[in-house]
Amino acid sequence: MFADYTWAELGSIFAMQGFSGLILFSVLLLMALGLAIIFGQMGVINMAHGEFMILGAYITYLTSNLFSTYLPDLFGIYFFIAIIFAFIGTFLLGALVEWSLIRHLYKRPLDTLLATWGLSLILQQLYRTVFGPREVGVTLPDWMMGSFAVSEMIEVPVNGMIVMVITLFITVGVFLFLQKSRKGKQSRAVVQNRAMAGAVGIDTARVDRFTFALGCGIAGIAGATFTMIGSTGPTSGQLYIVDTFLVVVFGGAASLLGTIASAFSISQAQSIMEFFLSGSMAKVLTLLTVIVILMLRPQGLFSLKVRR
Amino acid sequence: MQNHPHQPNKLRRLMLKTMMALPATMLFSNVATASEVNSTGLAVTDDTVTVGILHSATGTMAISETGSIQAEKLAIEQINASGGVLGRQIKYIQEDGASDWPTFAEKAKKLLVQDKVDAIMGCWTSASRKAVLPVMEQYNGMLFYPTFYEGLEQSPNVIYTGQEATQQILKGIDWAKETKGAKKFFLLGSDYIWPRTSNKIARKHIEKLGLKVVGEEYYPLGHTQFNSVINKIKLKKPDVIFTTVVGGSNVAFYKQLKAAGIDLTKEKPLVLTLSVTEDEILGIGGENVEGLYASMKYFQSLPNDNNKAFVKAFKKRWGDDIVIGDVTQAAYLGPWLWKAAVEKAGSFDIDKIRKTLPGIELTTAPEGYVKVHPNHHLWSKSRIGHAKKDGQFDVVYESKELIEPNPFPKGYQ
C-alpha cells in the first residue's frame with residue numbers, strides 16, 4: 001500500500017493525516033465535553049444533546065443574518081459574537097429544561113433517557129416549524145473558509161485551526177472551573193455525596209441547575225463551531241449523538257481526562273485507518289475496537305474512584 | 001340478462017335508445033357518469049376524483065421531499081383551475097411516510113384499499129419505493145415516482161418521471177471527457193444502494209472509454225469528516241471528482257473541500273455531482289459550491305417559456321425565496337402525465353390508463369418536452385449545469401436529442 005507513493009508524498013500524507021486527526025479530535029472533544037459534564041457529574045443521560053448543539057447552530061445562522069443585514073461592516077467577526085449568543089441561548093434553555101423536567105427525575109436516571117429523548121423530538125419539531133424542514137446555509141466570512149499553504153501538498157484549513165483553538169479554550173476553561181472555582185468544587189461535591197453536600201450548606205438544587213445548564217451551553221458553543229464544517233437542519237443533531245456518547249462512555253463517564261483520552265484515541269485510529277481503508281470500513285473497525293476494549297474494561301478508559 | 005330474439009320490439013327499442021344516446025355521450029363526454037369512466041370502484045364521483053400524495057413530511061427526508069409535495073399540489077391546483085380531469089375536480093389525500101419505509105408501505109396500502117385513489121404521487125428514496133412497490137403491484141395502483149435513481153427496475157404499476165442512471169451518468173462522463181479532456185476520475189459516495197450502483201455504472205463507462213478510475217470511496221450517511229478523503233484526492237490528482245454524496249454530508253464535504261484549498265472555479269480537479277440540486281445549495285451555501293458541475297435534466301434557470309411560467313407559478317404559490325431542484329420538477333410532471341393518460345383513455349380504470357401511458361407526451365413540461373417510454377421511464381434531455389455564487393446553475397451543455405431511457409443497460413450491471 002505504500003509502494004504507490006514516493007517518500008516525499010508519504011511524508012506529506014502523514015503530516016496531513018496527522019492534522020486531519022487533530023481536527024477530528026477537537027470536533028469529538030467539543031461534542032463530548034458538554035455531555036461529559038451532564039452525564040459524568042449528574043448521571044443524567046441527555047439524549048437531547050444534539051438538539052442543543054443545533055440550537056447553537058441556528059443562533060449562529062440568525063446572528064449571521066442579523067449582521068449581514070444591519071452591520072455588514074462587522075461581518076468578518078460576527079462569528080465570535082455568535083458563539084457568545086449561542087452559549088447564552090442554550091445555557092438559558094438548559095436551565096429551563098432542568099427546572100421543568102430533569103430535576104424531577106434525579107432518582108430515576110433511566111427515565112432521564114426517555115424524557116430527554118422526548119425533548120429532542122419536541123425540539124426537532126420546533127426547529128422544523130420555525131426554520132422549515134430544509135437545511136439552512138450559514139454564511140461564514142471568507143477568511144474563515146480559507147487555508148494556508150505550508151507546502152505544495154500540505155494545506156492547513158483555517159476552520160480546522162479555529163475549531164482546535166476553541167476546543168482548547170473551552171477544555172481548559174471547564175477543567176479550571178471544576179477544579180478551582182467555588183461553584184466547580186460545589187458541583188463535584190454534590191456528585192460525590194449529595195446528602196453530605198446538602199448538610200454542609202450547599203444549595204444542591206441550584207448547583208444541579210447550573211451544572212446542567214453549563215453542559216447545554218457548551219453544546220451550544222459546539223453547535224456554533226460546527227456550522228463551519230457541518231450542516232444545520234432540524235435533524236442534524238442526530239448525526240452527532242452516537243459519536244458523542246461513544247466518546248463519553250469509552251472515556252469513562254465521570255472523568256474529563258478520560259473524555260480527552262478517548263476522543264484522542266478514537267480520532268487518531270479513525271483518521272489513520274481512513275487513509276488506508278475505505279471510510280465505512282474505518283468506522284466499523286473503530287467501533288469494533290471500542291467494543292472490545294469496553295468488554296475488557298467496562299468502566300471506560302479512566303474512572304473516578306468514589307466510595308458508594 | 002337473457003336475449004330474446006323472438007321479441008323484435010324490445011330489441012328495436014333498445015337499439016334506438018342506444019343510437020339516440022350515442023351522440024349525446026360524445027357531445028357531453030366530460031360529464032359521463034362515474035360508472036361509465038370507472039368500472040373498477042375507484043374513488044370517482046360525478047364531480048371529483050381522488051389521488052394520493054405520499055411523501056415524508058417529517059423525519060430526515062422531509063428536507064428533500066417538501067419540494068416534491070409542493071410541486072404535486074401546484075400541478076393538481078392548476079389542473080383543477082383549468083377544468084379538472086374528464087370534467088372532475090381532483091381531490092387529494094396526503095399521507096406522511098415519515099422517512100420510514102414500513103410506514104410508506106402501510107400508507108400506500110391505506111391509500112389504495114381504503115381511499116381507493118386513482119393514482120399516487122410519491123416516494124423519494126429508492127428504499128421507500130422498494131417498500132411501496134409490492135403494495136402497488138398487489139392492489140394494482142399507479143405510482144408516479146419523481147426521483148432520479150439507479151435504474152435496474154421496471155414495474156407496470158410505476159411511472160418513473162426522474163432520470164434513470166444511464167441518462168444522467170453516461171452523458172455526464174461523456175461531457176467531462178469531450179469538453180474538459182478529463183482522463184482520471186475519483187468516485188465518492190454515501191454508503192448505500194444509489195451511490196454504489198451509480199458509481200458502478202460510472203466506473204464501467206469510464207473504463208469503456210479508456211479512461212481511468214484512480215479512487216473509489218464511500219462514507220456512512222450523515223458523515224461529517226471528509227478531511228482524509230480530501231487528502232487522498234490531493235495525492236491522486238484526479239481530473240474529475242465524481243460525487244454521489246447525499247444529504248447533510250454534502251454541506252460538510254464542500255465546506256471542507258474549500259477549506260482544504262481546492263477551488264472549484266479553477267476546475268482542477270473539476271467536481272461533477274449527481275446529487276446537488278438548487279435545494280441542497282441552500283444548505284451548503286452558494287459561495288462554497290461556485291464552479292461545481294451537476295448532471296441533471298432540469299435546472300431552475302432553464303430559459304424556455306414553459307419553465308418561466310412554472311417558476312413564476314411556483315414562487316407565487318409557495319413564496320419568493322423558494323428554489324426548485326431537479327426532483328421538484330419531476331414531481332410536477334406526475335399529475336400532468338396522469339391527467340393526459342386518463343383523458344386519452346377516457347377512463348379512470350388503472351388497466352386502461354396503463355395501456356395509454358406509453359407514448360403520452362407533455363409539450364408543456366418545464367424541462368421542455370417529455371414522452372413516456374414503454375418501459376415506463378421518460379425520454380428526456382441530459383444537461384450539465386455550472387453552479388454560480390447565488391446558488392443557481394448556468395446550463396453549459398444540453399444533449400441535442402432526447403435520451404432513450406434504459407433501466408437495464410447491457411454491460412453495466
# chains A, B, ... in the order shown; residues from 1 in each chain; ligands from 1

$ interface_residues --of "chain A" --to "chain B" --cutoff "8 Å" --atoms "only C-alpha atoms" --output "PyMOL selection string"
chain A and resi 9+13+16-17+20+24+133-139+145-147+149+153+155-159+228-232+235-236+239+271+274-275+278-280

$ residues_around --residues "segment 244-246 of chain A" --least-positions-apart "5" --cutoff "8 Å" --atoms "only C-alpha atoms" --output "list of chain:residue names"
A:Leu28, A:Met31, A:Ala32, A:Leu35

$ residues_around --residues "Leu110 of chain A" --least-positions-apart "4" --cutoff "12 Å" --atoms "only C-alpha atoms" --output "list in words"
Phe39, Gly43, Val44, Ile45, Asn46, Met47, Ile102, Leu105, Tyr106, Leu114, Ala115, Thr116 and Trp117 of chain A

$ write_last_selection --atoms "C-alpha atoms" --output "mmCIF file, in the first residue's frame"
data_model
loop_
_atom_site.group_PDB
_atom_site.id
_atom_site.type_symbol
_atom_site.label_atom_id
_atom_site.label_comp_id
_atom_site.auth_asym_id
_atom_site.auth_seq_id
_atom_site.Cartn_x
_atom_site.Cartn_y
_atom_site.Cartn_z
ATOM 1 C CA PHE A 39 -23.602 12.587 32.246
ATOM 2 C CA GLY A 43 -25.720 10.904 35.891
ATOM 3 C CA VAL A 44 -28.316 12.341 33.504
ATOM 4 C CA ILE A 45 -28.408 10.724 30.059
ATOM 5 C CA ASN A 46 -29.102 13.713 27.841
ATOM 6 C CA MET A 47 -30.430 12.411 24.531
ATOM 7 C CA ILE A 102 -34.829 16.930 34.759
ATOM 8 C CA LEU A 105 -36.053 12.602 37.648
ATOM 9 C CA TYR A 106 -32.754 12.602 39.538
ATOM 10 C CA LEU A 114 -36.784 8.727 27.877
ATOM 11 C CA ALA A 115 -37.595 12.261 28.968
ATOM 12 C CA THR A 116 -34.684 13.848 27.122
ATOM 13 C CA TRP A 117 -35.362 11.711 24.066
#

$ closest_residue --among "B:His373, B:Leu270, B:Asp321, B:Ser347" --to "Gly181 of chain B" --atoms "only C-alpha atoms"
B:Leu270

$ select_by_dssp --residues "segment 122-169 of chain A" --states "alpha helix (DSSP H)" --output "list of chain:residue names"
A:Ile122, A:Leu123, A:Gln124, A:Gln125, A:Leu126, A:Tyr127, A:Arg128, A:Thr129, A:Val130, A:Phe131, A:Val158, A:Asn159, A:Gly160, A:Met161, A:Ile162, A:Val163, A:Met164, A:Val165, A:Ile166, A:Thr167, A:Leu168, A:Phe169

$ closest_residue --among "B:Asn199, B:Asn307, B:Gln392, B:Ser380" --to "Thr364 of chain B" --atoms "only C-alpha atoms"
B:Asn307
